[in-house]
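The file coords13.txt contains compact mmCIF, C-alpha atoms and all ligand atoms:
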# COMPACT_ATOMS: atom_id res chain seq x y z
CA MET A 254 0.00 0.00 0.00
CA THR A 255 1.37 3.43 -0.95
CA THR A 256 1.01 5.91 1.90
CA LEU A 257 0.75 9.68 2.05
CA GLN A 258 4.25 9.68 3.59
CA ASP A 259 5.58 7.75 0.60
CA CYS A 260 4.14 10.40 -1.72
CA GLN A 261 5.60 13.23 0.35
CA ALA A 262 8.97 11.50 0.16
CA LEU A 263 8.67 11.32 -3.63
CA ASP A 264 7.97 15.07 -3.73
CA ALA A 265 10.98 15.73 -1.54
CA GLN A 266 13.22 13.82 -3.97
CA ASP A 267 11.68 15.38 -7.08
CA THR A 268 14.36 17.35 -8.92
CA LEU A 269 11.69 19.18 -10.94
CA ARG A 270 10.02 20.48 -7.79
CA PRO A 271 11.40 24.06 -8.08
CA LEU A 272 9.46 24.51 -11.33
CA ARG A 273 6.17 24.25 -9.46
CA GLU A 274 7.01 27.65 -7.97
CA ARG A 275 6.80 29.15 -11.44
CA PHE A 276 3.01 28.70 -11.44
CA VAL A 277 -0.02 30.18 -9.75
CA LEU A 278 -1.75 27.22 -8.11
CA PRO A 279 -4.80 28.32 -6.11
CA GLU A 280 -4.97 27.34 -2.45
CA GLY A 281 -7.18 24.32 -1.88
CA VAL A 282 -7.10 23.19 -5.51
CA ILE A 283 -5.53 20.05 -6.93
CA TYR A 284 -5.31 20.82 -10.60
CA LEU A 285 -5.48 17.79 -12.87
CA ASP A 286 -6.73 19.57 -15.97
CA GLY A 287 -3.52 21.05 -17.34
CA ASN A 288 -4.15 18.95 -20.44
CA SER A 289 -7.16 21.17 -21.15
CA LEU A 290 -6.04 24.57 -19.85
CA GLY A 291 -2.58 24.79 -18.32
CA ALA A 292 -2.00 26.78 -15.12
CA SER A 293 -0.93 30.41 -15.26
CA PRO A 294 2.82 31.00 -15.05
CA ARG A 295 3.54 33.49 -12.27
CA ALA A 296 5.33 35.72 -14.77
CA ALA A 297 2.23 35.99 -16.96
CA ALA A 298 0.35 38.70 -15.09
CA ALA A 299 3.31 41.10 -15.05
CA ARG A 300 4.08 40.32 -18.67
CA ALA A 301 0.48 41.06 -19.70
CA ALA A 302 0.64 44.36 -17.80
CA GLU A 303 3.96 45.23 -19.43
CA ILE A 304 2.60 44.58 -22.90
CA VAL A 305 -0.57 46.57 -22.30
CA GLN A 306 0.97 49.47 -20.37
CA GLN A 307 4.40 49.80 -21.94
CA GLU A 308 4.55 48.15 -25.32
CA TRP A 309 1.04 49.08 -26.39
CA GLY A 310 0.37 52.05 -24.07
CA GLN A 311 3.66 53.88 -24.53
CA GLY A 312 5.23 52.25 -27.55
CA LEU A 313 2.05 52.29 -29.63
CA ILE A 314 2.58 51.18 -33.20
CA ARG A 315 6.36 51.51 -32.82
CA SER A 316 6.30 48.30 -30.79
CA TRP A 317 5.85 46.19 -33.91
CA ASN A 318 9.53 46.97 -34.47
CA SER A 319 10.92 48.17 -31.13
CA ALA A 320 9.33 45.44 -28.98
CA GLY A 321 9.90 42.81 -31.66
CA TRP A 322 6.21 41.97 -32.09
CA ILE A 323 6.66 41.23 -35.76
CA GLU A 324 9.25 38.54 -35.00
CA LEU A 325 7.40 36.90 -32.15
CA PRO A 326 5.59 34.05 -33.99
CA ARG A 327 8.92 32.83 -35.36
CA ARG A 328 11.01 33.62 -32.30
CA LEU A 329 8.69 31.60 -30.09
CA GLY A 330 8.64 28.88 -32.73
CA ASP A 331 12.43 28.67 -32.60
CA GLN A 332 12.40 28.69 -28.80
CA PHE A 333 10.01 25.74 -28.64
CA ALA A 334 11.17 23.76 -31.70
CA PRO A 335 13.65 21.48 -29.83
CA TRP A 336 10.82 20.13 -27.65
CA ILE A 337 9.17 18.58 -30.69
CA GLY A 338 12.30 17.60 -32.59
CA ALA A 339 12.02 20.45 -35.07
CA GLY A 340 14.76 22.74 -36.35
CA PRO A 341 15.09 26.52 -36.24
CA GLY A 342 12.94 28.36 -38.77
CA GLU A 343 10.50 25.44 -39.01
CA VAL A 344 7.83 26.35 -36.45
CA VAL A 345 5.57 29.37 -35.99
CA PHE A 346 3.05 30.11 -33.29
CA THR A 347 -0.08 31.49 -34.91
CA ASP A 348 -3.86 31.14 -35.09
CA THR A 349 -5.59 28.12 -33.57
CA THR A 350 -5.02 24.40 -33.91
CA SER A 351 -8.20 24.11 -35.98
CA ILE A 352 -7.04 26.81 -38.39
CA ASN A 353 -3.50 25.44 -38.62
CA LEU A 354 -4.87 21.99 -39.28
CA TYR A 355 -6.89 23.41 -42.16
CA LYS A 356 -3.70 24.92 -43.59
CA VAL A 357 -1.61 21.76 -43.41
CA LEU A 358 -4.37 19.37 -44.48
CA THR A 359 -4.99 21.54 -47.50
CA ALA A 360 -1.29 21.63 -48.30
CA ALA A 361 -1.24 17.83 -47.96
CA ALA A 362 -4.30 17.51 -50.22
CA ARG A 363 -2.61 19.71 -52.84
CA ILE A 364 0.54 17.60 -52.69
CA VAL A 365 -1.49 14.44 -53.17
CA ARG A 366 -3.47 15.97 -56.03
CA GLU A 367 -0.19 16.57 -57.82
CA ASP A 368 1.78 13.45 -56.85
CA ALA A 369 -0.92 10.76 -56.55
CA PRO A 370 -4.24 12.06 -57.89
CA GLY A 371 -5.88 8.63 -57.82
CA ARG A 372 -5.77 8.41 -54.03
CA ARG A 373 -9.07 9.32 -52.41
CA LYS A 374 -8.94 8.41 -48.72
CA LEU A 375 -8.10 10.55 -45.73
CA ILE A 376 -7.89 8.22 -42.75
CA SER A 377 -8.14 9.15 -39.10
CA GLU A 378 -9.38 7.80 -35.81
CA HIS A 379 -13.04 7.58 -34.85
CA SER A 380 -12.20 9.04 -31.45
CA ASN A 381 -9.92 11.79 -32.71
CA PHE A 382 -10.74 15.20 -31.26
CA PRO A 383 -13.89 16.32 -33.09
CA THR A 384 -12.56 19.64 -34.38
CA ASP A 385 -9.87 17.70 -36.26
CA LEU A 386 -12.55 15.55 -37.86
CA TYR A 387 -14.71 18.56 -38.72
CA ILE A 388 -11.81 20.32 -40.41
CA ALA A 389 -10.95 17.09 -42.23
CA GLN A 390 -14.54 16.84 -43.48
CA SER A 391 -14.28 20.35 -44.87
CA VAL A 392 -10.98 19.61 -46.66
CA CYS A 393 -12.40 16.33 -47.99
CA GLN A 394 -15.35 18.20 -49.49
CA GLU A 395 -13.05 20.69 -51.20
CA TYR A 396 -10.67 18.07 -52.60
CA GLY A 397 -13.07 15.21 -53.32
CA LEU A 398 -11.56 12.98 -50.66
CA GLU A 399 -13.35 10.46 -48.47
CA LEU A 400 -12.87 10.62 -44.69
CA VAL A 401 -12.44 7.10 -43.28
CA LEU A 402 -12.60 6.76 -39.50
CA LEU A 403 -10.96 3.79 -37.82
CA GLU A 404 -10.37 2.28 -34.42
CA PRO A 405 -6.70 2.51 -33.34
CA GLN A 406 -6.00 -1.18 -33.90
CA GLU A 407 -7.29 -0.90 -37.49
CA ILE A 408 -4.86 1.81 -38.57
CA ALA A 409 -1.81 -0.30 -39.38
CA GLY A 410 -3.84 -2.50 -41.72
CA ALA A 411 -5.45 0.49 -43.42
CA LEU A 412 -2.16 2.11 -44.49
CA ARG A 413 -2.37 1.02 -48.15
CA ASP A 414 -1.78 2.65 -51.51
CA ASP A 415 -5.34 3.95 -51.86
CA VAL A 416 -4.82 6.31 -48.90
CA ALA A 417 -3.86 9.92 -49.58
CA ILE A 418 -3.44 11.33 -46.07
CA CYS A 419 -3.15 9.85 -42.59
CA MET A 420 -4.18 12.41 -39.95
CA LEU A 421 -3.69 11.31 -36.36
CA THR A 422 -3.51 12.89 -32.95
CA HIS A 423 -0.37 11.55 -31.32
CA VAL A 424 -1.96 11.22 -27.85
CA ASN A 425 -5.69 10.59 -27.87
CA TYR A 426 -7.63 13.20 -25.89
CA ARG A 427 -10.20 10.65 -24.64
CA THR A 428 -8.00 7.77 -23.61
CA GLY A 429 -4.46 9.13 -23.30
CA ALA A 430 -3.30 6.37 -25.67
CA MET A 431 -0.19 7.31 -27.64
CA HIS A 432 0.68 6.25 -31.18
CA ASP A 433 4.18 5.20 -32.15
CA MET A 434 4.80 8.20 -34.37
CA ALA A 435 7.94 6.83 -36.00
CA ALA A 436 6.42 3.43 -36.77
CA VAL A 437 3.13 4.78 -38.14
CA THR A 438 4.93 7.41 -40.23
CA ALA A 439 7.36 4.84 -41.65
CA ALA A 440 4.52 2.45 -42.54
CA ALA A 441 2.55 5.30 -44.12
CA HIS A 442 5.52 6.57 -46.12
CA ALA A 443 6.23 3.06 -47.40
CA GLN A 444 2.79 3.32 -49.04
CA GLY A 445 3.30 6.91 -50.25
CA ILE A 446 0.88 8.42 -47.70
CA VAL A 447 1.29 11.96 -46.33
CA CYS A 448 1.29 12.08 -42.51
CA VAL A 449 -0.23 14.90 -40.49
CA TRP A 450 0.23 14.77 -36.70
CA ASP A 451 -1.73 16.71 -34.11
CA LEU A 452 0.44 17.25 -31.01
CA CYS A 453 -2.14 18.97 -28.79
CA HIS A 454 -1.81 16.37 -26.03
CA SER A 455 1.85 15.61 -26.56
CA ALA A 456 3.71 18.91 -26.99
CA GLY A 457 5.55 19.50 -23.73
CA ALA A 458 4.08 16.33 -22.21
CA VAL A 459 5.86 13.45 -23.95
CA PRO A 460 8.99 13.13 -26.10
CA VAL A 461 8.27 14.14 -29.70
CA ASP A 462 10.83 13.88 -32.48
CA LEU A 463 9.28 15.10 -35.73
CA HIS A 464 12.51 14.86 -37.72
CA GLY A 465 13.40 11.52 -36.19
CA ALA A 466 9.98 10.20 -37.20
CA GLY A 467 10.24 11.82 -40.64
CA ALA A 468 6.77 13.37 -40.21
CA ASP A 469 5.34 15.62 -42.93
CA PHE A 470 3.22 18.17 -41.06
CA ALA A 471 2.33 18.86 -37.43
CA VAL A 472 0.11 21.21 -35.48
CA GLY A 473 -0.58 21.64 -31.79
CA CYS A 474 -1.94 24.02 -29.23
CA SER A 475 -0.18 26.00 -26.54
CA TYR A 476 -2.83 26.45 -23.88
CA LYS A 477 -2.62 22.85 -22.62
CA TYR A 478 0.74 21.55 -21.37
CA LEU A 479 2.57 24.66 -22.62
CA ASN A 480 0.63 26.90 -20.23
CA GLY A 481 0.29 29.71 -22.78
CA GLY A 482 -3.08 30.98 -21.53
CA PRO A 483 -6.67 30.57 -22.69
CA GLY A 484 -6.85 30.78 -26.47
CA ALA A 485 -3.07 31.29 -26.82
CA PRO A 486 -1.78 30.92 -30.39
CA ALA A 487 -1.20 27.37 -31.61
CA PHE A 488 1.84 26.16 -33.57
CA VAL A 489 2.40 24.70 -36.99
CA TRP A 490 5.35 22.79 -38.43
CA ALA A 491 6.01 21.55 -41.94
CA HIS A 492 8.97 19.40 -42.93
CA PRO A 493 11.49 21.55 -44.82
CA ARG A 494 11.15 19.31 -47.88
CA LEU A 495 7.45 20.26 -48.09
CA ILE A 496 7.21 23.79 -46.70
CA ASP A 497 7.71 25.58 -49.98
CA ARG A 498 5.80 23.23 -52.25
CA PHE A 499 2.45 25.00 -52.00
CA TRP A 500 0.81 28.10 -50.79
CA GLN A 501 -1.12 27.34 -47.71
CA PRO A 502 -4.77 28.19 -48.43
CA LEU A 503 -5.14 31.17 -46.07
CA ALA A 504 -2.80 33.34 -48.10
CA GLY A 505 -2.85 36.45 -45.93
CA TRP A 506 -0.41 39.31 -45.90
CA PHE A 507 1.67 38.05 -42.95
CA GLY A 508 2.56 35.03 -45.07
CA HIS A 509 3.63 37.22 -47.97
CA ALA A 510 7.31 37.51 -48.88
CA GLU A 511 7.15 41.30 -48.46
CA PRO A 512 4.02 42.26 -46.55
CA PHE A 513 4.93 45.92 -46.30
CA ARG A 514 5.44 46.43 -50.02
CA PHE A 515 1.66 46.30 -50.32
CA VAL A 516 1.70 44.80 -53.79
CA PRO A 517 -1.59 43.41 -55.16
CA ASP A 518 -0.18 39.95 -56.02
CA TYR A 519 0.48 37.26 -53.45
CA HIS A 520 4.03 35.91 -53.32
CA PRO A 521 4.46 33.53 -50.40
CA ALA A 522 7.42 33.93 -48.06
CA GLN A 523 9.94 31.11 -48.15
CA GLY A 524 9.80 28.72 -45.24
CA ILE A 525 7.35 28.42 -42.38
CA GLN A 526 6.63 32.17 -42.46
CA ARG A 527 4.13 31.47 -45.23
CA TYR A 528 1.97 29.62 -42.71
CA LEU A 529 1.11 32.92 -41.08
CA CYS A 530 -2.07 34.59 -42.27
CA GLY A 531 -3.02 37.91 -40.63
CA THR A 532 -2.09 40.08 -37.66
CA GLN A 533 -1.48 38.04 -34.54
CA PRO A 534 -2.78 38.75 -30.99
CA MET A 535 0.28 40.27 -29.34
CA VAL A 536 -1.02 40.34 -25.77
CA SER A 537 -1.72 36.64 -25.94
CA MET A 538 1.46 35.87 -27.90
CA GLY A 539 3.57 37.77 -25.33
CA VAL A 540 1.97 35.92 -22.41
CA LEU A 541 2.53 32.60 -24.18
CA GLN A 542 6.24 33.24 -23.92
CA CYS A 543 6.00 32.94 -20.12
CA GLY A 544 4.80 29.36 -20.56
CA LEU A 545 7.56 28.54 -23.03
CA ASP A 546 10.16 30.14 -20.75
CA VAL A 547 9.37 27.55 -18.07
CA TYR A 548 10.22 24.85 -20.61
CA THR A 549 13.44 26.63 -21.47
CA GLU A 550 14.26 26.60 -17.76
CA ALA A 551 13.21 22.93 -17.51
CA ALA A 552 15.98 22.11 -19.97
CA GLN A 553 18.39 22.73 -17.07
CA PHE A 554 16.48 20.28 -14.88
CA GLY A 555 16.90 17.31 -17.17
CA GLY A 556 14.58 18.43 -19.95
CA MET A 557 12.07 16.10 -21.54
CA ALA A 558 13.69 12.95 -20.15
CA ALA A 559 13.10 14.19 -16.61
CA LEU A 560 9.59 15.44 -17.39
CA ARG A 561 8.65 12.15 -19.01
CA ALA A 562 10.03 10.07 -16.14
CA LYS A 563 8.03 12.13 -13.65
CA SER A 564 4.89 12.06 -15.79
CA LEU A 565 5.00 8.26 -15.94
CA ALA A 566 5.66 8.04 -12.21
CA LEU A 567 2.63 10.28 -11.56
CA THR A 568 0.29 8.34 -13.84
CA ASP A 569 1.58 4.99 -12.53
CA LEU A 570 0.92 6.19 -8.99
CA PHE A 571 -2.57 7.40 -9.83
CA ILE A 572 -3.49 4.10 -11.49
CA ARG A 573 -2.05 2.08 -8.61
CA LEU A 574 -3.84 4.12 -5.92
CA VAL A 575 -7.17 3.94 -7.77
CA GLU A 576 -6.81 0.18 -8.07
CA GLU A 577 -5.75 -0.20 -4.43
CA THR A 578 -8.41 2.01 -2.88
CA CYS A 579 -11.40 2.42 -5.21
CA GLN A 580 -12.32 -1.16 -6.06
CA GLY A 581 -15.95 -2.16 -6.27
CA HIS A 582 -17.16 1.15 -7.66
CA GLY A 583 -17.37 0.21 -11.33
CA LEU A 584 -14.31 2.14 -12.51
CA GLY A 585 -12.44 0.96 -15.59
CA LEU A 586 -9.14 2.11 -17.04
CA ALA A 587 -9.19 3.51 -20.59
CA THR A 588 -5.51 4.52 -20.60
CA PRO A 589 -2.89 1.98 -21.68
CA ARG A 590 -0.73 0.53 -18.92
CA ALA A 591 2.26 0.17 -21.22
CA HIS A 592 4.49 3.22 -20.81
CA ALA A 593 5.30 3.35 -24.52
CA ARG A 594 1.61 3.76 -25.29
CA ARG A 595 0.66 6.24 -22.56
CA GLY A 596 0.51 10.04 -22.72
CA SER A 597 0.42 12.20 -19.59
CA GLN A 598 -3.16 11.60 -18.52
CA VAL A 599 -5.22 8.84 -16.95
CA CYS A 600 -8.77 8.23 -18.10
CA LEU A 601 -11.22 6.20 -16.09
CA THR A 602 -14.53 4.88 -17.35
CA ARG A 603 -17.79 4.24 -15.59
CA ASP A 604 -21.10 3.18 -17.09
CA ASP A 605 -23.08 5.89 -15.30
CA GLY A 606 -22.45 8.99 -13.22
CA ALA A 607 -19.08 9.92 -14.71
CA TYR A 608 -20.11 13.54 -15.21
CA ALA A 609 -21.55 13.88 -11.69
CA ILE A 610 -18.49 12.24 -10.09
CA VAL A 611 -16.23 14.76 -11.83
CA GLN A 612 -18.48 17.60 -10.64
CA ALA A 613 -18.41 16.29 -7.07
CA LEU A 614 -14.60 16.16 -7.25
CA ILE A 615 -14.47 19.73 -8.56
CA ALA A 616 -16.64 20.82 -5.62
CA ARG A 617 -13.91 19.33 -3.40
CA GLY A 618 -11.22 21.26 -5.28
CA VAL A 619 -9.97 18.34 -7.39
CA ILE A 620 -10.24 19.60 -10.95
CA GLY A 621 -10.29 17.01 -13.69
CA ASP A 622 -12.81 16.83 -16.47
CA PHE A 623 -15.47 14.72 -18.14
CA ARG A 624 -15.52 13.66 -21.77
CA LYS A 625 -18.71 12.33 -23.25
CA GLY A 626 -18.77 8.90 -24.85
CA ASP A 627 -21.09 7.82 -27.60
CA GLY A 628 -23.61 6.40 -25.13
CA GLY A 629 -23.29 2.89 -26.56
CA ALA A 630 -21.79 -0.33 -25.30
CA GLY A 631 -18.88 0.07 -27.73
CA PRO A 632 -15.33 1.17 -26.99
CA HIS A 633 -16.21 4.85 -26.52
CA LYS A 634 -17.52 5.17 -22.98
CA ASP A 635 -17.97 8.26 -20.83
CA ILE A 636 -14.60 9.30 -19.44
CA LEU A 637 -13.34 10.79 -16.16
CA ARG A 638 -10.14 12.43 -17.31
CA PHE A 639 -7.16 13.44 -15.16
CA GLY A 640 -4.17 15.24 -16.66
CA PHE A 641 -0.75 15.29 -15.00
CA THR A 642 1.58 18.16 -15.78
CA PRO A 643 5.02 17.16 -14.52
CA LEU A 644 6.04 20.83 -14.32
CA TYR A 645 3.70 21.42 -11.41
CA THR A 646 1.77 18.30 -10.36
CA GLY A 647 3.14 16.64 -7.22
CA PHE A 648 2.93 13.10 -5.88
CA GLU A 649 1.05 14.29 -2.80
CA ASP A 650 -1.50 15.89 -5.15
CA VAL A 651 -2.08 12.48 -6.68
CA TRP A 652 -2.56 10.87 -3.28
CA HIS A 653 -5.15 13.44 -2.18
CA ALA A 654 -6.93 13.36 -5.54
CA VAL A 655 -7.46 9.60 -5.24
CA ARG A 656 -8.51 9.97 -1.61
CA HIS A 657 -11.19 12.44 -2.69
CA LEU A 658 -12.28 10.14 -5.51
CA ARG A 659 -12.66 7.28 -3.05
CA GLU A 660 -14.64 9.47 -0.63
CA VAL A 661 -16.92 10.72 -3.42
CA LEU A 662 -17.64 7.15 -4.48
CA GLU A 663 -18.06 5.73 -0.96
CA SER A 664 -20.30 8.53 0.26
CA GLY A 665 -22.40 8.59 -2.90
CA GLU A 666 -22.38 12.39 -2.71
CA TRP A 667 -22.14 12.55 -6.51
CA ARG A 668 -25.79 11.43 -6.64
CA SER A 669 -26.89 14.89 -5.44
CA PRO A 670 -28.87 16.70 -8.19
CA VAL A 671 -26.52 19.71 -8.07
CA PHE A 672 -23.78 17.57 -9.65
CA HIS A 673 -25.98 16.49 -12.54
CA GLN A 674 -26.54 19.90 -14.10
CA ILE A 675 -24.61 19.98 -17.37
CA ASN A 676 -22.49 23.12 -17.83
CA ALA A 677 -21.81 24.76 -21.19
CA VAL A 678 -18.15 23.78 -20.96
CA THR A 679 -17.35 20.34 -19.60
C1 LIG B 1 -7.38 20.83 -27.69
C2 LIG B 1 -7.41 20.25 -29.05
C3 LIG B 1 -7.77 21.03 -30.16
C4 LIG B 1 -8.22 22.44 -29.97
O1 LIG B 1 -8.35 23.14 -31.15
P1 LIG B 1 -8.57 24.72 -31.11
O2 LIG B 1 -8.61 25.11 -32.52
O3 LIG B 1 -7.46 25.31 -30.33
O4 LIG B 1 -9.86 24.98 -30.40
C5 LIG B 1 -7.70 20.44 -31.41
N1 LIG B 1 -7.31 19.16 -31.57
C6 LIG B 1 -6.96 18.39 -30.52
C7 LIG B 1 -6.53 16.98 -30.74
C8 LIG B 1 -7.01 18.90 -29.24
O5 LIG B 1 -6.67 18.15 -28.20
Since I need it in another form, could you write the structure as structure tokens?
Amino acid sequence: MTTLQDCQALDAQDTLRPLRERFVLPEGVIYLDGNSLGASPRAAAARAAEIVQQEWGQGLIRSWNSAGWIELPRRLGDQFAPWIGAGPGEVVFTDTTSINLYKVLTAAARIVREDAPGRRKLISEHSNFPTDLYIAQSVCQEYGLELVLLEPQEIAGALRDDVAICMLTHVNYRTGAMHDMAAVTAAAHAQGIVCVWDLCHSAGAVPVDLHGAGADFAVGCSYKYLNGGPGAPAFVWAHPRLIDRFWQPLAGWFGHAEPFRFVPDYHPAQGIQRYLCGTQPMVSMGVLQCGLDVYTEAAQFGGMAALRAKSLALTDLFIRLVEETCQGHGLGLATPRAHARRGSQVCLTRDDGAYAIVQALIARGVIGDFRKGDGGAGPHKDILRFGFTPLYTGFEDVWHAVRHLREVLESGEWRSPVFHQINAVT
């Protein structure tokens, strides 16, 4: 049996512990939802004030040059690139994941139209994040492709020469299951398939090596593990061999080779710059840097290897404590036990009451979230989801979170009607 003292001892030995001080973590809250909205870096409030009061207030339009606003999407891209195995000049922070996915899927569709026009299928996962599937549907309509949705175990067998594009989210938002990016990409490339990876639940959370995997395109968001703030700009990466092959479809002036020449014809910039579209939100972009700066600091604390080791220790501990202390309450485990297949979250299933149990936990200050299943008996059940951010989640947090879960289940307090009201955002 793992005790509270054991968990406190693990925190005391944790070499990443100083990084927790970089974040605002409200008193009385155990935050296990950093995979949905990361915590606020302490530096963020002062940075926001500096941008608003100094850069905007005093600098006014001069700040596009003097405060380096114009460079920020690329500068932040360069700062973060090593964490996803990308090179300098290959990543920009801009727009949202949905919008960036539209750009890269369209670029992929244009490449296929030229290189392999007979291919008609865009394959993805049935339980991919819905916005990815909605954007894919839109691109399929425009390019006459067919969206084929598969279960994870069907993907390997579906990578054949009738497939144009394989679009996968590296770590599944519902289950926390992680694909082997290198293996899937190699199998896809052997069949001439273009690979698009969504890194929303992996960037900053698990090791990602886009060049090592030979991926074609990637997108991801910055408000989850990167702690960039609500609605912070997402990122986009294209392999250098593909970046310049096509215009991306949202050919706005910030992607132009010379935006301030104001010429009527579009000439795309070389490199990832062309994946910009219009003017970016500089308050949000500036605050995002505070989140990325913590990663830059984390490089001195062992970097991704240390973060990954702690993340796995946290999720292992959570699974073990749930299994030791919450038996008999109908909980199942949707997240793979195998480390190589697990992201940085643990997802539990329950046939009924999952939403209300999460609400009852939130009322106790343990913030996770609920993700709706398809209501059937199939593989897509309702999910109680708990995200573990190794930058700031502690082992004692895990112990108390599971204690609260056990108390909520044993007391039956989740049955109270107040926990059954469905909020607009779950
Ligand atoms: C969080 C998430 C998104 C969010 O997209 P936005 O455009 O930022 O709203 C998209 N895809 C996946 C897989 C996600 O996890």
Quick check, in Å to one decimal: how far apart do atom CA of Leu325 of chain A and atom CA of Leu503 of chain A lie? 19.6 Å
Show me, as a tab-separated table, the residues of chain A having an atom within 6 Å of ligand LIG 1 (chain B), each with the closest atom pair and its distance in Å, using all atoms listed in the file.
residue	atom	partner	partner_atom	distance
A:Thr349	CA	B:LIG1	O2	4.4
A:Thr350	CA	B:LIG1	O2	3.9
A:Ser351	CA	B:LIG1	O2	3.6
A:Phe382	CA	B:LIG1	C7	4.6
A:Thr384	CA	B:LIG1	C5	5.8
A:Asp385	CA	B:LIG1	N1	5.5
A:Thr422	CA	B:LIG1	C7	5.5
A:Tyr426	CA	B:LIG1	O5	5.5
A:Asp451	CA	B:LIG1	C7	5.9
A:Cys453	CA	B:LIG1	O5	4.6
A:His454	CA	B:LIG1	O5	5.6
A:Cys474	CA	B:LIG1	O3	5.8
Work out how far apart atom CA of Pro512 of chain A and atom CA of Val449 of chain A are and give it in Å to one decimal. 28.3 Å
Of the candidates A:Gln542, A:Gln501, A:Ser597, A:Thr255, which one gets nearest to Ala485 of chain A if we count only C-alpha atoms? A:Gln542
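Minimum atom-to-atom distance to Gln444 of chain A, evaluated using all atoms listed in the file, belongs to A:Asp414 out of A:Asp469, A:Asp414, A:Glu303, A:Glu343.
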Compile the contact shell of Asn353 of chain A as a ChimeraX atom specification: residues with an atom at most 12 Å away, counting only C-alpha atoms, same-chain residues fewer than 5 positions apart removed. /A:344-348,358-360,384-385,388-389,449-453,470-474,486-491,501-503,525,527-530
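With atom CA of Ala430 of chain A on one side and atom CA of Gly596 of chain A on the other, the separation reads 6.1 Å.
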